[in-house]
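Participant: So that we are looking at the same thing, I have put the structure below in structure tokens.
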Amino acid sequence: FTMKHIATKKVGSLLSRCTAPTRVSYASRHFKSSAIPRQHLRRQFHSTPALDVVKPYLLADIGEGITECQVIQWFVQPGARVEQFDPICEVQSDKASVEITSRFDGVIKKLYYEQDDMAKVGKPLVDIDIQSDISPEDEALLNDNDSNVPTLRPTPSGGQEAGLEVDRNDTKAATGDAPPPPPPQTLPAKPETTSTPSEGQAPRAVGKHASLATPAVRHLTKELNVQIEDIEGTGKEGRVTKEDVQKYAAAQKETPTTTKSSTPAAPEPQAEDQIRPLTPIQKGMFKQMTRSLSIPHFLYTDNVDFTGLSSIRKSLNASKEKSQKLSALPFVVKAVSLALSKHPLLNSHLDTSNAEKPQMVVKAQHNIGIAIDSPSGLLVPVVKNVQSLSIEAISAEIGRLGALARSGKLTNADLSGASFTLSNIGSIGGTAVAPVIVSPQVAILGVGRARVVPAFGKGGELIKKEEAVFSWSADHRVVDGAAAARCAEDVRSYLENVESMLVQMK
């Protein structure tokens, strides 16, 4: 038995030596070079771990010291493929809305926030499977992120070992020669418990952007207490418009109630209090107005005769299209700018960074903020360099900023840098107002609604006069009452004698 066993081993050894060249030649047919082993095969898988390319994409700093933003809407969902510069989501800070775009080509794997959640600056926004070349700067940034956020990528499962590690972009190699997966097992269908469309009624086709809408539309859905996902959009690619929301809310109110029950209906429950977090714009207003509490306000009001101004506007607008007609607001803004040239103290910032040595920063440019009531709240876009603009140019800029405010598209540049603020509260109603100074500015003007009042003419006769109340507030720590009154008097003089503005306009 022992001799037989030894002979068998020798025969096996000889056979292995004889077959070795055959295996080499076989390998040479599959590899580019028989001298370099383990090259990539065209067909086969390998079970070694794949490259770690799923990376967290952080919410970058959008400036102005903002530390968090509200996610208004997502443009992608897990599994969506994105390319460089494709929009990922839209976020709303306490000043403006911003679209966040992708820096890479790849596939979205995870969303870290739901819609309306508050996203932190510098924290992961999404996980993205990067499938494009990465610059050294981006690679260094991603490597820094790895130390703070763990990322995982699932590896192919399987019991057989093969000689190839599939590259992340080699989708043909990963799917072309692999055996097809077994068909999914089907389970007996559960009886339907929810309501289904009636027979012969096709389900409503929803566009790929059906859940997307502007901040103004989303604000309206919250006011009407409806879900945007339930509304059929008629806008571009299925987007929901304001008219869609209003029609849907009206239809909900007209929906007939359920059939009457034989038993008496139970009394409706009492309405309950609601707890709502502050919106980003409300948070910004809360911080700003809290700072303004420390400012001692000097208040001053005066009546301004708009009769001559209205007559000139009527003459100028006679030959203009409706979109180009001039309102009284650009005239007021220009009159304020001319008055600030005479009283530069009111066009200043009070620097209190050093409480022991506060100082005034007199601004060379007249950047006048215009308070606008937008669907998302109070916004104050800024008309820059008013001292160099004509009245028509001021009117056009106010129109542009107003349109952006109503659509929620104002940028940080549109909202920053004001040296003086004007609140046109008269566009809503009311006459006199006590405007609150926006720190570090030192003055603000509130303009009431113009209305016709009876007055006496030069000869004592009774005449009609169109008047508006101008309400001024000044920081009484650095601006005395006389300075504020002189500036207000100059503004009144310019508006009641519009011809005098032409002499000083550049």
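Chain labels follow the order of the structure tokens: the first chain is A, the next B, and so on; residue numbering restarts at 1 in every chain, and ligands are counted from 1 in their shown order.
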With only C-alpha atoms as the counted atoms, please give the residues lying no more than 12 Å from A:Ile391, apart from itself and same-chain residues fewer than 5 positions off, as a list in words.

Facilitator: Arg313, Leu316, Gln324, Lys325, Leu326, Ser327, Ala328, Leu329, Pro330, Phe331, Val332, Val333, Lys334, Ala335, Val336, Ser337, Leu338, Val383, Val386, Ala396, Glu397, Ile398, Val498, Met501, Leu502, Met505 and Lys506 of chain A

Participant: May I have the residues from that selection written out with N, CA, C and O atoms, as a JSON list (two decimals), in the first residue's frame?

Facilitator:
```
[["chain", "number", "residue", "atom", "x", "y", "z"],
["A", 313, "ARG", "N", -46.14, 113.84, -13.16],
["A", 313, "ARG", "CA", -46.15, 112.42, -13.47],
["A", 313, "ARG", "C", -47.20, 112.09, -14.53],
["A", 313, "ARG", "O", -46.97, 111.30, -15.44],
["A", 316, "LEU", "N", -45.84, 113.12, -17.88],
["A", 316, "LEU", "CA", -44.77, 112.26, -18.36],
["A", 316, "LEU", "C", -45.27, 110.86, -18.76],
["A", 316, "LEU", "O", -44.78, 110.26, -19.71],
["A", 324, "GLN", "N", -43.68, 101.10, -18.12],
["A", 324, "GLN", "CA", -42.66, 102.15, -17.98],
["A", 324, "GLN", "C", -43.17, 103.40, -17.28],
["A", 324, "GLN", "O", -42.43, 104.38, -17.14],
["A", 325, "LYS", "N", -44.41, 103.38, -16.83],
["A", 325, "LYS", "CA", -44.97, 104.55, -16.18],
["A", 325, "LYS", "C", -44.26, 104.81, -14.85],
["A", 325, "LYS", "O", -43.88, 103.88, -14.14],
["A", 326, "LEU", "N", -44.10, 106.08, -14.52],
["A", 326, "LEU", "CA", -43.37, 106.49, -13.32],
["A", 326, "LEU", "C", -44.33, 106.65, -12.15],
["A", 326, "LEU", "O", -45.35, 107.34, -12.25],
["A", 327, "SER", "N", -44.00, 106.02, -11.02],
["A", 327, "SER", "CA", -44.74, 106.23, -9.79],
["A", 327, "SER", "C", -44.07, 107.36, -9.01],
["A", 327, "SER", "O", -43.04, 107.91, -9.43],
["A", 328, "ALA", "N", -44.62, 107.68, -7.84],
["A", 328, "ALA", "CA", -44.02, 108.74, -7.03],
["A", 328, "ALA", "C", -42.74, 108.28, -6.34],
["A", 328, "ALA", "O", -41.88, 109.10, -5.98],
["A", 329, "LEU", "N", -42.56, 106.95, -6.16],
["A", 329, "LEU", "CA", -41.44, 106.43, -5.38],
["A", 329, "LEU", "C", -40.08, 106.81, -5.93],
["A", 329, "LEU", "O", -39.21, 107.26, -5.17],
["A", 330, "PRO", "N", -39.79, 106.67, -7.24],
["A", 330, "PRO", "CA", -38.45, 107.07, -7.72],
["A", 330, "PRO", "C", -38.16, 108.55, -7.54],
["A", 330, "PRO", "O", -37.01, 108.94, -7.32],
["A", 331, "PHE", "N", -39.20, 109.41, -7.58],
["A", 331, "PHE", "CA", -38.99, 110.83, -7.30],
["A", 331, "PHE", "C", -38.59, 111.03, -5.84],
["A", 331, "PHE", "O", -37.71, 111.85, -5.53],
["A", 332, "VAL", "N", -39.24, 110.29, -4.94],
["A", 332, "VAL", "CA", -38.91, 110.41, -3.51],
["A", 332, "VAL", "C", -37.48, 109.94, -3.26],
["A", 332, "VAL", "O", -36.73, 110.58, -2.52],
["A", 333, "VAL", "N", -37.10, 108.82, -3.89],
["A", 333, "VAL", "CA", -35.75, 108.30, -3.71],
["A", 333, "VAL", "C", -34.71, 109.30, -4.19],
["A", 333, "VAL", "O", -33.69, 109.54, -3.52],
["A", 334, "LYS", "N", -34.96, 109.92, -5.34],
["A", 334, "LYS", "CA", -34.01, 110.91, -5.85],
["A", 334, "LYS", "C", -33.96, 112.15, -4.96],
["A", 334, "LYS", "O", -32.87, 112.71, -4.71],
["A", 335, "ALA", "N", -35.11, 112.59, -4.45],
["A", 335, "ALA", "CA", -35.14, 113.75, -3.56],
["A", 335, "ALA", "C", -34.36, 113.47, -2.27],
["A", 335, "ALA", "O", -33.63, 114.33, -1.76],
["A", 336, "VAL", "N", -34.49, 112.24, -1.75],
["A", 336, "VAL", "CA", -33.73, 111.86, -0.56],
["A", 336, "VAL", "C", -32.24, 111.89, -0.84],
["A", 336, "VAL", "O", -31.43, 112.38, -0.03],
["A", 337, "SER", "N", -31.84, 111.40, -2.01],
["A", 337, "SER", "CA", -30.42, 111.40, -2.36],
["A", 337, "SER", "C", -29.86, 112.82, -2.45],
["A", 337, "SER", "O", -28.75, 113.09, -1.96],
["A", 338, "LEU", "N", -30.62, 113.72, -3.06],
["A", 338, "LEU", "CA", -30.17, 115.11, -3.15],
["A", 338, "LEU", "C", -30.05, 115.73, -1.76],
["A", 338, "LEU", "O", -29.11, 116.50, -1.48],
["A", 383, "VAL", "N", -31.02, 99.87, -3.89],
["A", 383, "VAL", "CA", -30.72, 100.58, -5.14],
["A", 383, "VAL", "C", -29.37, 101.26, -4.95],
["A", 383, "VAL", "O", -29.22, 102.16, -4.11],
["A", 386, "VAL", "N", -27.47, 105.82, -6.05],
["A", 386, "VAL", "CA", -28.62, 106.62, -6.46],
["A", 386, "VAL", "C", -28.18, 108.01, -6.92],
["A", 386, "VAL", "O", -28.80, 108.61, -7.81],
["A", 396, "ALA", "N", -36.61, 101.92, -13.05],
["A", 396, "ALA", "CA", -36.35, 100.61, -13.65],
["A", 396, "ALA", "C", -35.69, 99.66, -12.65],
["A", 396, "ALA", "O", -36.02, 98.46, -12.58],
["A", 397, "GLU", "N", -34.77, 100.18, -11.85],
["A", 397, "GLU", "CA", -34.09, 99.34, -10.87],
["A", 397, "GLU", "C", -35.05, 98.89, -9.76],
["A", 397, "GLU", "O", -35.00, 97.74, -9.31],
["A", 398, "ILE", "N", -35.92, 99.78, -9.32],
["A", 398, "ILE", "CA", -36.91, 99.39, -8.32],
["A", 398, "ILE", "C", -37.83, 98.31, -8.87],
["A", 398, "ILE", "O", -38.18, 97.34, -8.17],
["A", 498, "VAL", "N", -40.71, 120.24, -8.04],
["A", 498, "VAL", "CA", -39.91, 119.23, -8.75],
["A", 498, "VAL", "C", -38.92, 119.89, -9.69],
["A", 498, "VAL", "O", -37.83, 119.37, -9.95],
["A", 501, "MET", "N", -35.37, 120.18, -8.53],
["A", 501, "MET", "CA", -34.53, 118.99, -8.54],
["A", 501, "MET", "C", -33.67, 118.97, -9.80],
["A", 501, "MET", "O", -32.54, 118.46, -9.78],
["A", 502, "LEU", "N", -34.23, 119.50, -10.91],
["A", 502, "LEU", "CA", -33.49, 119.44, -12.18],
["A", 502, "LEU", "C", -32.17, 120.23, -12.11],
["A", 502, "LEU", "O", -31.20, 119.89, -12.78],
["A", 505, "MET", "N", -29.58, 117.90, -10.27],
["A", 505, "MET", "CA", -29.37, 116.51, -10.76],
["A", 505, "MET", "C", -28.17, 116.45, -11.67],
["A", 505, "MET", "O", -27.93, 117.33, -12.48],
["A", 506, "LYS", "N", -27.38, 115.36, -11.51],
["A", 506, "LYS", "CA", -26.18, 115.18, -12.33],
["A", 506, "LYS", "C", -26.52, 114.36, -13.56],
["A", 506, "LYS", "O", -27.35, 113.49, -13.54]]
```

Participant: Please report, as a tab-separated table, each residue of stretch 275-353 of chain A lying at most 12 Å from stretch 70-81 of chain A, together with the nearest pair of atoms and the separation in Å rounded to one decimal; use only C-alpha atoms, and order rows by chain and ascending residue number.

Facilitator:
```
residue	atom	partner	partner_atom	distance
A:Pro277	CA	A:Gln70	CA	11.4
A:Leu278	CA	A:Gln70	CA	10.7
A:Thr279	CA	A:Gln70	CA	8.0
A:Pro280	CA	A:Gln70	CA	6.7
A:Ile281	CA	A:Gln70	CA	10.0
A:Gln282	CA	A:Gln70	CA	12.0
A:Lys283	CA	A:Gln70	CA	11.2
```

Participant: Which residue is closest to A:Leu346? Choose from A:Leu125, A:Ala474, A:Ala318, A:Val98 and count only C-alpha atoms.

Facilitator: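 Under the stated criterion, the closest residue is A:Ala474.
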
Participant: Pick out the closest residue to A:Thr234 from this set: A:Lys247, A:Thr352, A:Leu401, A:Glu114. Count only C-alpha atoms.

Facilitator: A:Lys247

Participant: At a cut-off of 7 Å, can you tabulate as a tab-separated table every residue of stretch 355-444 of chain A near stretch 286-292 of chain A together with its closest atom pair and the distance in Å to one decimal, using only C-alpha atoms and ordering rows by chain then number?

Facilitator:
```
residue	atom	partner	partner_atom	distance
A:Ile437	CA	A:Ser292	CA	6.4
A:Val438	CA	A:Ser292	CA	6.5
A:Ser439	CA	A:Ser292	CA	6.2
```

Participant: If you count only C-alpha atoms, which residues fall within 12 Å of stretch 116-121 of chain A, apart from same-chain ones fewer than 6 positions away, as an MDAnalysis selection string?

Facilitator: chainID A and resid 57:63 65:74 89:94 100 215 218:219 222 277:280
